[in-house]
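Remarks on the structure that follows.
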Protein chains: 2
Amino acid sequence: MDYYNSRSLTFSNANIVEGYTVAGPKENEGRYKGFFDLALADDMFGQNTFERAERKMFEHAIDGVIAKANLVNADINGIVGGDLLNQIVSTSFAARKYNAGFLGLYNACATFVESLIVGATLVSCGYDNVVCSAGSHFSTAERQYRYPLELGVLRSPVTQWTATGVGASIVSRNSNGKYPKITRATVGRVIDYGIMDVNNMGAAMAPSACDTLVAFFRENNAQPSDYDVIYTGDLGKLGSDILLDLTRQEGYDISKQQHDCGASLYWDEQQTYQGGSGAACSALVFNGVLLGRLRRGEYSKILLAGTGALMSPTTSFQGDSIPAITHLVEVCI
Amino acid sequence: MDYYNSRSLTFSNANIVEGYTVAGPKENEGRYKGFFDLALADDMFGQNTFERAERKMFEHAIDGVIAKANLVNADINGIVGGDLLNQIVSTSFAARKYNAGFLGLYNACATFVESLIVGATLVSCGYDNVVCSAGSHFSTAERQYRYPLELGVLRSPVTQWTATGVGASIVSRNSNGKYPKITRATVGRVIDYGIMDVNNMGAAMAPSACDTLVAFFRENNAQPSDYDVIYTGDLGKLGSDILLDLTRQEGYDISKQQHDCGASLYWDEQQTYQGGSGAACSALVFNGVLLGRLRRGEYSKILLAGTGALMSPTTSFQGDSIPAITHLVEVCI
């Protein structure tokens with residue numbers, strides 16, 4: 001691999017002061033049961049369509065993270081984030097509730113880490129508080145990207161299960177306490193190894209995860225052993241295996257540190273095959289699990305690498321392969 | 001209107017060192033004939049689908065702006081931008097060609113100004129050169145958002161015509177010359193006045209344009225008369241009239257300064273009714289027309305307010321109204 005351009009950024013004062021999660025029923029029956037601020041009993045969330053349920057999850061997560069941080073709407077300068085629906089309507093419609101500026105983002109399942117990077121740049125440019133948010137919903141994504149839910153198609157063993165959930169963080173410029181900070185980031189480039197199987201997202205995304213991780217290590221003179229854990233977004237089990245092989249070929253052994261938000265979200269008995277996928281994976285695991293471990297001192301330095309597959313049904317129908325992207329943040333306390 | 005949170009940003013060194021435009025055939029027969037770097041003779045651009053043509057327009061615009069700025073790919077740290085297709089596939093697939101980091105953005109037709117704001121934050125955080133890009137294609141947007149092209153539906157007199165084109169700017173941290181600079185920006189909030197008519201985007205977006213312009217003036221103690229021109233994105237003729245009324249009610253008369261990229265793009269004889277719409281409007285007019293006027297000293301201080309309507313066909317089918325957003329940059333030389 002050739003690295004022409006530095007894609008890394010350094011931030012001096014991007015504090016993650018709070019995180020909040022809304023998880024679907026299946027997600028709260030998984031490995032992180034009890035870690036979420038709100039676990040839905042019903043993935044309709046009292047709404048008459050799945051799309052409106054997803055929107056309400058965003059509203060609830062944004063309200064929740066602002067309240068949990070002891071802030072009010074008037075303290076928030078910006079909301080940044082996105083979701084998997086066409087025209088990122090869940091996030092955009094949820095943002096109507098707030099007076100904060102809104103920057104809509106889309107990098108598929110890498111959107112949560114993208115939102116943390118954009119949030120960190122905004123506080124570096126003078127904003128006080130930015131809400132960074134991303135999420136997904138199984139039922140809206142399934143029917144938009146794949147098949148009608150009523151069809152009940154058999155799923156391939158290499159598939160993953162789109163997670164239902166929304167995670168939101170507040171990144172703040174000034175902090176009156178010791179908070180986890182986004183210290184460095186590497187923006188991903190778009191990598192396409194010609195994978196055509198839309199059921200095998202892990203294989204499409206693993207080369208991209210390798211590319212960004214290796215770029216981060218090289219550009220920052222860092223090593224995997226510098227970190228307590230390295231969480232990838234939603235490579236799943238198969239994709240994680242491929243990633244370990246690829247990074248080893250580049251001279252980095254991340255097998256001791258690497259975990260995958262998606263692969264770890266469900267128990268095997270939940271029959272998600274390769275684990276979870278979707279923008280919710282890294283948003284739920286970071287805000288629900290990792291942020292708490294950082295704040296309690298269980299971790300002091302972690303990497304979060306959000307992975308995304310950038311195709312659409314139209315590009316797949318037109319015979320295009322699947323480009324992927326991985327954004328990475330270093331979070332330290 | 002109540003303004004709780006400052007949404008404005010100030011940039012000290014965000015130079016727009018170059019701009020490049022690729023325009024469709026109809027766009028180059030309009031009022032800005034001859035202003036574009038590349039005018040397509042055929043909106044298929046040698047491809048076998050309209051979607052691939054749109055992608056190639058992005059590739060060409062990004063290649064073009066890098067070459068025109070006397071830079072090479074290795075100089076570019078980041079590419080930021082988006083388009084109107086589901087999953088912003090035109091921009092994402094085009095970004096495969098480059099080693100630069102990619103942040104995918106979506107705020108509908110406000111995406112070009114969003115990309116300038118994100119580009120300015122990235123150079124403020126240490127990137128040297130960022131390509132900011134957005135565009136749209138009549139034939140891809142029409143069949144995704146409205147009707148099959150073959151159907152030949154009659155258009156309502158309040159409709160606008162989605163412009164075919166891509167514009168790209170390079171925002172640079174260090175400049176060896178005097179370039180137009182992004183000096184201030186206001187990130188838009190999402191405004192929804194309950195407009196339900198998807199053929200009348202101008203009416204849906206005008207309140208949002210008013211909100212961001214007034215926020216910018218108030219937060220920065222600025223006046224319309226401080227500017228040579230104030231270009232809105234794609235309000236069209238009707239939307240522009242509504243905007244002038246709304247801003248007047250807020251105590252700001254912008255009638256002397258205001259122009260609309262979309263409304264000015266075509267001649268009346270081209271039968272686009274209210275003018276152009278689409279992410280291409282502000283990208284084409286800013287890079288093809290305004291940047292040159294700034295560089296030649298014809299303008300010294302302008303505002304560009306990108307306007308976007310954030311609905312999707314799904315939200316409209318489910319009975320939701322049309323939220324809108326407007327992002328604003330101040331560009332001075």
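FYI, nothing fancy with the structure tokens labels: chains A, B, ... in order, residues from 1 per chain, ligands from 1 as they appear.
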Which residues of chain B come within 8 Å of chain A, and for each one, what is the closest pair of atoms and their distance in Å to one decimal, counting only C-alpha atoms, sorted by chain and residue number, as a Markdown table?
| residue | atom | partner | partner_atom | distance |
| --- | --- | --- | --- | --- |
| B:Tyr3 | CA | A:Asn99 | CA | 7.4 |
| B:Tyr4 | CA | A:Ala74 | CA | 5.1 |
| B:Asn5 | CA | A:Asn77 | CA | 5.4 |
| B:Ser6 | CA | A:Asn77 | CA | 6.0 |
| B:Arg7 | CA | A:Asn77 | CA | 5.5 |
| B:Leu9 | CA | A:Gly126 | CA | 6.7 |
| B:Thr10 | CA | A:Cys125 | CA | 7.4 |
| B:Phe11 | CA | A:Cys125 | CA | 7.7 |
| B:Ala74 | CA | A:Tyr4 | CA | 5.0 |
| B:Asp75 | CA | A:Asn5 | CA | 6.4 |
| B:Ile76 | CA | A:Asn5 | CA | 6.4 |
| B:Asn77 | CA | A:Asn5 | CA | 5.4 |
| B:Gly78 | CA | A:Arg7 | CA | 7.0 |
| B:Leu84 | CA | A:Gln87 | CA | 7.7 |
| B:Asn86 | CA | A:Asn86 | CA | 5.1 |
| B:Gln87 | CA | A:Ser312 | CA | 5.9 |
| B:Ile88 | CA | A:Tyr106 | CA | 7.6 |
| B:Val89 | CA | A:Met311 | CA | 6.5 |
| B:Ser92 | CA | A:Leu310 | CA | 6.7 |
| B:Phe93 | CA | A:Pro323 | CA | 6.9 |
| B:Ala95 | CA | A:Val190 | CA | 6.0 |
| B:Arg96 | CA | A:Val190 | CA | 4.8 |
| B:Tyr98 | CA | A:Arg189 | CA | 7.5 |
| B:Asn99 | CA | A:Arg189 | CA | 6.0 |
| B:Ala100 | CA | A:Arg189 | CA | 5.7 |
| B:Gly101 | CA | A:Arg189 | CA | 4.3 |
| B:Phe102 | CA | A:Arg189 | CA | 5.3 |
| B:Leu103 | CA | A:Asn107 | CA | 7.0 |
| B:Gly104 | CA | A:Tyr106 | CA | 5.0 |
| B:Leu105 | CA | A:Leu105 | CA | 4.4 |
| B:Tyr106 | CA | A:Gly104 | CA | 5.1 |
| B:Asn107 | CA | A:Gly104 | CA | 5.5 |
| B:Ala108 | CA | A:Gln87 | CA | 7.5 |
| B:Glu114 | CA | A:Leu103 | CA | 7.1 |
| B:Val118 | CA | A:Val118 | CA | 7.6 |
| B:Thr121 | CA | A:Thr121 | CA | 5.9 |
| B:Leu122 | CA | A:Thr121 | CA | 6.6 |
| B:Ser124 | CA | A:Cys125 | CA | 7.1 |
| B:Cys125 | CA | A:Thr121 | CA | 6.5 |
| B:Gly126 | CA | A:Leu9 | CA | 6.8 |
| B:Tyr127 | CA | A:Leu9 | CA | 7.5 |
| B:Thr186 | CA | A:Gly101 | CA | 7.9 |
| B:Val187 | CA | A:Gly101 | CA | 4.9 |
| B:Gly188 | CA | A:Gly101 | CA | 4.9 |
| B:Arg189 | CA | A:Gly101 | CA | 4.3 |
| B:Val190 | CA | A:Arg96 | CA | 4.8 |
| B:Ile191 | CA | A:Arg96 | CA | 6.0 |
| B:Asp192 | CA | A:Arg96 | CA | 6.9 |
| B:Leu310 | CA | A:Ser92 | CA | 6.7 |
| B:Met311 | CA | A:Val89 | CA | 6.5 |
| B:Ser312 | CA | A:Gln87 | CA | 5.9 |
| B:Thr315 | CA | A:Val89 | CA | 7.6 |
| B:Pro323 | CA | A:Phe93 | CA | 6.9 |
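For Gly64 in chain B, the residues within 10 Å (counting only C-alpha atoms, excluding itself and residues fewer than 5 positions away along the chain) are Glu18, Gly19, Tyr20, Thr21, Val22, Asp37, Leu38, Phe58, Glu59, Ala69, Asn70, Gly167, Ala168 and Ser169 of chain B.
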Limited to C-alpha atoms, could you put the picked residues into a file as an mmCIF file, in the first residue's frame?
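Output below, filename selection31.cif:
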data_model
loop_
_atom_site.group_PDB
_atom_site.id
_atom_site.type_symbol
_atom_site.label_atom_id
_atom_site.label_comp_id
_atom_site.auth_asym_id
_atom_site.auth_seq_id
_atom_site.Cartn_x
_atom_site.Cartn_y
_atom_site.Cartn_z
ATOM 1 C CA GLU B 18 -9.442 26.891 -7.290
ATOM 2 C CA GLY B 19 -12.825 25.837 -8.610
ATOM 3 C CA TYR B 20 -13.904 23.583 -11.472
ATOM 4 C CA THR B 21 -17.239 22.837 -13.089
ATOM 5 C CA VAL B 22 -18.717 20.157 -15.305
ATOM 6 C CA ASP B 37 -14.762 24.300 -17.501
ATOM 7 C CA LEU B 38 -16.380 21.369 -19.251
ATOM 8 C CA PHE B 58 -17.617 13.828 -10.158
ATOM 9 C CA GLU B 59 -14.375 12.099 -11.141
ATOM 10 C CA ALA B 69 -4.820 24.269 -9.026
ATOM 11 C CA ASN B 70 -1.441 22.906 -10.173
ATOM 12 C CA GLY B 167 -18.730 21.714 -9.037
ATOM 13 C CA ALA B 168 -15.578 21.262 -6.992
ATOM 14 C CA SER B 169 -13.462 23.716 -5.006
#
Which of range 78-322 of chain B end up as strand (DSSP E or B) when DSSP is run on this backbone - answer as a PyMOL selection string? chain B and resi 78-83+101-105+107+109+129-136+161-162+165-172+181-186+191+229-232+258-260+276-277+301-309
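Minimum distance to Ile242 in chain B across B:Leu294, B:Ala280, B:Ala206, B:Cys261 (counting only C-alpha atoms) occurs at B:Ala206.
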From the DSSP assignment of the backbone, select every residue of range 14-252 of chain A that is helix (DSSP H, G or I), and format the answer as a PyMOL selection string. chain A and resi 27-29+50-68+73-75+86-97+111-124+138-146+149-151+201-219+224-226+236-249
Looking at only C-alpha atoms, which of A:Thr159, A:Ser175, A:Ser225, A:Asn15 is the one that sits closest to Val198 in chain A? A:Thr159
All residues 12 Å or closer to Asp245 in chain B, only C-alpha atoms, same chain fewer than 3 positions away omitted, as number ranges by chain: B: 203, 206-207, 209-210, 238-242, 248-255
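Considering the residues B:Glu150, B:Tyr231, B:Ala279, B:Ile333 and counting only C-alpha atoms, Lys178 in chain B has its shortest atom-to-atom contact with B:Ile333.
Distances here use only C-alpha atoms; by that measure, the residue among B:Ile62, B:Leu246, B:Val158, B:Ile302 closest to Pro224 in chain B is B:Ile302.
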Spatial neighbours of His259 in chain B, max dist 12 Å, only C-alpha atoms, sep filter under 6 positions, as a PyMOL selection string: chain B and resi 228-237+239-241+243-244+265+282+285-286+290+302-306
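For the set B:Leu151, B:Ala61, B:Arg146, B:Arg184, the residue with the smallest atom-to-atom gap to Ala134 in chain B is B:Ala61, counting only C-alpha atoms.
Atom pair CA of Glu29 in chain A / CA of Val80 in chain A has a distance of 28.9 Å (rounded to one decimal).
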